[in-house]
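Pasting coords.json here (JSON, C-alpha atoms):
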[["chain", "number", "residue", "atom", "x", "y", "z"],
["A", 1, "MET", "CA", 19.73, -43.18, 135.29],
["A", 2, "LYS", "CA", 17.01, -45.78, 135.93],
["A", 3, "LYS", "CA", 15.36, -44.82, 132.64],
["A", 4, "LEU", "CA", 18.63, -45.44, 130.76],
["A", 5, "GLN", "CA", 19.06, -48.82, 132.48],
["A", 6, "LEU", "CA", 15.50, -49.75, 131.51],
["A", 7, "ILE", "CA", 16.11, -48.79, 127.87],
["A", 8, "ILE", "CA", 19.37, -50.75, 127.74],
["A", 9, "SER", "CA", 17.76, -53.80, 129.37],
["A", 10, "THR", "CA", 14.86, -53.67, 126.91],
["A", 11, "LEU", "CA", 17.25, -53.44, 123.96],
["A", 12, "LEU", "CA", 19.33, -56.37, 125.24],
["A", 13, "ILE", "CA", 16.23, -58.54, 125.69],
["A", 14, "ALA", "CA", 14.99, -57.62, 122.20],
["A", 15, "ALA", "CA", 18.39, -58.40, 120.65],
["A", 16, "SER", "CA", 18.59, -61.71, 122.49],
["A", 17, "THR", "CA", 15.09, -62.68, 121.34],
["A", 18, "PHE", "CA", 15.92, -61.75, 117.73],
["A", 19, "LEU", "CA", 19.17, -63.75, 117.72],
["A", 20, "HIS", "CA", 17.44, -66.75, 119.29],
["A", 21, "ALA", "CA", 14.70, -66.62, 116.63],
["A", 22, "GLN", "CA", 17.35, -66.49, 113.88],
["A", 23, "GLU", "CA", 19.08, -69.58, 115.27],
["A", 24, "GLU", "CA", 15.85, -71.58, 115.42],
["A", 25, "LYS", "CA", 15.03, -71.45, 111.70],
["A", 26, "GLU", "CA", 14.42, -75.01, 110.73],
["A", 27, "THR", "CA", 16.37, -76.40, 107.84],
["A", 28, "VAL", "CA", 15.80, -79.46, 105.71],
["A", 29, "ASP", "CA", 17.51, -81.35, 102.91],
["A", 30, "LEU", "CA", 16.19, -81.45, 99.35],
["A", 31, "SER", "CA", 17.36, -84.27, 97.08],
["A", 32, "ILE", "CA", 16.56, -84.21, 93.38],
["A", 33, "GLU", "CA", 16.82, -87.52, 91.52],
["A", 34, "ILE", "CA", 17.19, -86.97, 87.79],
["A", 35, "THR", "CA", 16.66, -89.73, 85.23],
["A", 36, "ILE", "CA", 18.53, -89.05, 82.00],
["A", 37, "LYS", "CA", 17.08, -90.69, 78.90],
["A", 38, "LYS", "CA", 19.81, -89.86, 76.36],
["A", 39, "HIS", "CA", 23.46, -88.91, 76.21],
["A", 40, "GLN", "CA", 25.48, -90.43, 79.05],
["A", 41, "LYS", "CA", 28.09, -87.68, 78.81],
["A", 42, "GLY", "CA", 28.52, -84.01, 79.62],
["A", 43, "PHE", "CA", 27.29, -82.09, 82.66],
["A", 44, "LEU", "CA", 24.03, -81.34, 84.41],
["A", 45, "PHE", "CA", 23.49, -77.76, 85.61],
["A", 46, "LEU", "CA", 20.75, -77.26, 88.19],
["A", 47, "SER", "CA", 19.58, -73.94, 89.64],
["A", 48, "LEU", "CA", 17.37, -73.74, 92.72],
["A", 49, "PHE", "CA", 15.13, -70.69, 93.21],
["A", 50, "ASN", "CA", 13.28, -69.56, 96.35],
["A", 51, "ASP", "CA", 11.79, -66.29, 95.09],
["A", 52, "GLU", "CA", 9.21, -65.77, 92.34],
["A", 53, "GLU", "CA", 10.77, -62.44, 91.32],
["A", 54, "LYS", "CA", 14.20, -64.05, 90.87],
["A", 55, "PHE", "CA", 12.97, -67.23, 89.13],
["A", 56, "MET", "CA", 15.13, -67.96, 86.07],
["A", 57, "HIS", "CA", 17.27, -64.87, 86.76],
["A", 58, "GLN", "CA", 19.10, -65.24, 90.06],
["A", 59, "ALA", "CA", 19.48, -68.68, 91.64],
["A", 60, "TYR", "CA", 19.35, -69.21, 95.38],
["A", 61, "LYS", "CA", 21.75, -72.15, 94.96],
["A", 62, "SER", "CA", 23.28, -73.93, 91.95],
["A", 63, "LYS", "CA", 25.13, -77.15, 91.30],
["A", 64, "LYS", "CA", 26.98, -78.70, 88.37],
["A", 65, "VAL", "CA", 27.55, -82.47, 88.21],
["A", 66, "VAL", "CA", 29.25, -84.79, 85.73],
["A", 67, "ILE", "CA", 26.93, -87.21, 83.94],
["A", 68, "GLN", "CA", 28.19, -90.75, 84.49],
["A", 69, "ASP", "CA", 25.05, -92.83, 84.54],
["A", 70, "LYS", "CA", 21.35, -92.75, 83.68],
["A", 71, "LYS", "CA", 20.54, -91.34, 87.13],
["A", 72, "VAL", "CA", 21.99, -88.39, 89.01],
["A", 73, "THR", "CA", 21.09, -87.21, 92.51],
["A", 74, "ILE", "CA", 21.74, -83.63, 93.58],
["A", 75, "THR", "CA", 21.24, -82.73, 97.24],
["A", 76, "PHE", "CA", 20.90, -79.30, 98.78],
["A", 77, "LYS", "CA", 21.52, -79.59, 102.52],
["A", 78, "ASN", "CA", 20.25, -77.30, 105.25],
["A", 79, "ILE", "CA", 17.91, -75.11, 103.22],
["A", 80, "GLU", "CA", 15.17, -73.24, 105.04],
["A", 81, "LYS", "CA", 11.67, -74.63, 104.83],
["A", 82, "GLY", "CA", 9.68, -72.90, 102.11],
["A", 83, "GLU", "CA", 8.67, -72.94, 98.47],
["A", 84, "TYR", "CA", 11.27, -73.68, 95.81],
["A", 85, "ALA", "CA", 11.43, -74.23, 92.06],
["A", 86, "PHE", "CA", 14.32, -75.46, 89.99],
["A", 87, "SER", "CA", 15.48, -75.54, 86.42],
["A", 88, "MET", "CA", 18.15, -77.72, 84.87],
["A", 89, "PHE", "CA", 19.79, -78.47, 81.58],
["A", 90, "HIS", "CA", 22.00, -81.25, 80.28],
["A", 91, "ASP", "CA", 25.12, -79.73, 78.77],
["A", 92, "VAL", "CA", 25.80, -82.59, 76.36],
["A", 93, "ASN", "CA", 28.77, -81.02, 74.57],
["A", 94, "GLY", "CA", 30.42, -79.67, 77.73],
["A", 95, "ASN", "CA", 30.61, -76.01, 76.68],
["A", 96, "SER", "CA", 28.99, -74.81, 79.96],
["A", 97, "LYS", "CA", 25.99, -73.19, 78.29],
["A", 98, "LEU", "CA", 22.53, -74.17, 77.09],
["A", 99, "ASP", "CA", 22.83, -74.29, 73.31],
["A", 100, "LYS", "CA", 19.86, -72.83, 71.41],
["A", 101, "ASN", "CA", 18.81, -72.67, 67.79],
["A", 102, "PHE", "CA", 18.56, -69.45, 65.78],
["A", 103, "ILE", "CA", 15.15, -68.54, 67.27],
["A", 104, "GLY", "CA", 16.14, -69.32, 70.87],
["A", 105, "ILE", "CA", 14.72, -72.81, 71.34],
["A", 106, "PRO", "CA", 17.05, -75.02, 73.42],
["A", 107, "LYS", "CA", 18.89, -77.71, 71.46],
["A", 108, "GLU", "CA", 20.02, -79.53, 74.62],
["A", 109, "PRO", "CA", 17.76, -81.37, 77.09],
["A", 110, "TYR", "CA", 16.24, -79.31, 79.93],
["A", 111, "ALA", "CA", 13.63, -79.73, 82.67],
["A", 112, "PHE", "CA", 11.86, -77.92, 85.51],
["A", 113, "SER", "CA", 10.53, -78.91, 88.92],
["A", 114, "ASN", "CA", 7.19, -80.73, 88.89],
["A", 115, "ASN", "CA", 8.16, -81.83, 85.34],
["A", 116, "GLN", "CA", 6.56, -78.55, 84.20],
["A", 117, "LYS", "CA", 6.78, -77.38, 80.63],
["A", 118, "GLY", "CA", 6.44, -73.77, 79.61],
["A", 119, "ARG", "CA", 4.73, -72.39, 76.56],
["A", 120, "PHE", "CA", 6.95, -70.04, 74.61],
["A", 121, "GLY", "CA", 9.39, -69.91, 77.54],
["A", 122, "PRO", "CA", 9.86, -71.39, 80.99],
["A", 123, "PRO", "CA", 6.90, -72.21, 83.24],
["A", 124, "SER", "CA", 5.89, -69.78, 85.96],
["A", 125, "PHE", "CA", 7.36, -70.07, 89.44],
["A", 126, "ASN", "CA", 3.86, -70.87, 90.78],
["A", 127, "ASN", "CA", 3.49, -73.84, 88.42],
["A", 128, "ALA", "CA", 6.98, -75.17, 89.10],
["A", 129, "LYS", "CA", 7.18, -74.57, 92.86],
["A", 130, "ILE", "CA", 7.32, -77.34, 95.40],
["A", 131, "LYS", "CA", 6.71, -76.95, 99.11],
["A", 132, "ILE", "CA", 9.63, -78.16, 101.22],
["A", 133, "ASP", "CA", 8.64, -78.51, 104.87],
["A", 134, "GLN", "CA", 10.59, -81.68, 105.66],
["A", 135, "ASN", "CA", 13.48, -83.64, 104.15],
["A", 136, "LYS", "CA", 12.28, -84.44, 100.67],
["A", 137, "THR", "CA", 13.31, -86.28, 97.52],
["A", 138, "VAL", "CA", 11.73, -85.34, 94.20],
["A", 139, "THR", "CA", 12.18, -87.08, 90.86],
["A", 140, "VAL", "CA", 12.49, -85.51, 87.43],
["A", 141, "LYS", "CA", 13.02, -86.94, 83.94],
["A", 142, "ILE", "CA", 15.15, -85.00, 81.51],
["A", 143, "ASN", "CA", 14.53, -85.89, 77.87]]
Now that the file is in, can you turn its structure into structure tokens?
Amino acid sequence: MKKLQLIISTLLIAASTFLHAQEEKETVDLSIEITIKKHQKGFLFLSLFNDEEKFMHQAYKSKKVVIQDKKVTITFKNIEKGEYAFSMFHDVNGNSKLDKNFIGIPKEPYAFSNNQKGRFGPPSFNNAKIKIDQNKTVTVKIN
């Protein structure tokens, strides 16, 4: 009986420690200020990624905002500290997709974190990533 009580007590302590550790994950806010050079109409789609394997395939978080001025700020609140990269495009015609030409080159403005540019496709996660370990505001220009 004492052995069973010891096992149960150990499991309860382990569970309590695990739950306490889960609650203590520090979160921060990430604000992205986007300067728009052309077209003061349409929407801005922004996807935030926190995993190199999922970069450009499965967003961690996404937002869509209406373009009303030459600057837009998008804020992601309470995200865990870590490394993130983002991609965005300006949907000028409002059809909710990134329009491309016949060989796949985007016809609408787009940008990536760190103002990275890819060659023959998007940049790598490692080139676009930013470390978020405190509340942070980053700026990006979308041409």
- prompt: Which one of A:Lys107, A:Lys100, A:Lys61, A:His90 sits closest to Leu30 in chain A if you count all atoms listed in the file?
  reply: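 Of all the options, A:Lys61 lies closest to Leu30 in chain A.
With CA of Gln58 in chain A on one side and CA of Tyr110 in chain A on the other, the separation reads 17.6 Å.
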- request: Taking (29.3, -82.1, 84.6) in the file's own coordinates, collect the residues within 7 Å, counting only C-alpha atoms, and hand them back as a ChimeraX atom specification.
  value: /A:42-44,64-67
- request: Tell me which protein, DNA and RNA residues are within 10 Å of His39 in chain A, counting all atoms listed in the file, leaving out same-chain ones fewer than 5 positions away, and put them as a VMD selection string.
  value: chain A and resid 67 to 70 90 to 93 109 143
message: as a list in words, please: the residues near Asn50 in chain A (cut-off 9 Å, all atoms listed in the file, same-chain neighbours under 2 positions excluded).
response: Leu48, Glu52, Lys54, Phe55, Ala59, Tyr60, Lys61, Gly82, Glu83, Tyr84, Ala85, Phe86 and Lys129 of chain A
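CA of Lys38 in chain A is found 22.6 Å from CA of Ser62 in chain A.
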message: Nearest residue to Glu26 in chain A out of A:Gln134, A:Thr139, A:Asn126, A:Thr75, using only C-alpha atoms?
response: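 Once distances to Glu26 in chain A are computed over only C-alpha atoms, the minimum belongs to A:Gln134.
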Shell around Leu46 in chain A at 6 Å using all atoms listed in the file, local window under 3 positions removed, as a list in words: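 Counting only the stated atoms, we get Ser62, Lys63, Ser87 and Met88 of chain A.
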message: I'd like the interatomic distance between CA of Val138 in chain A and CA of Ser31 in chain A, to a tenth of an Å.
response: 6.4 Å
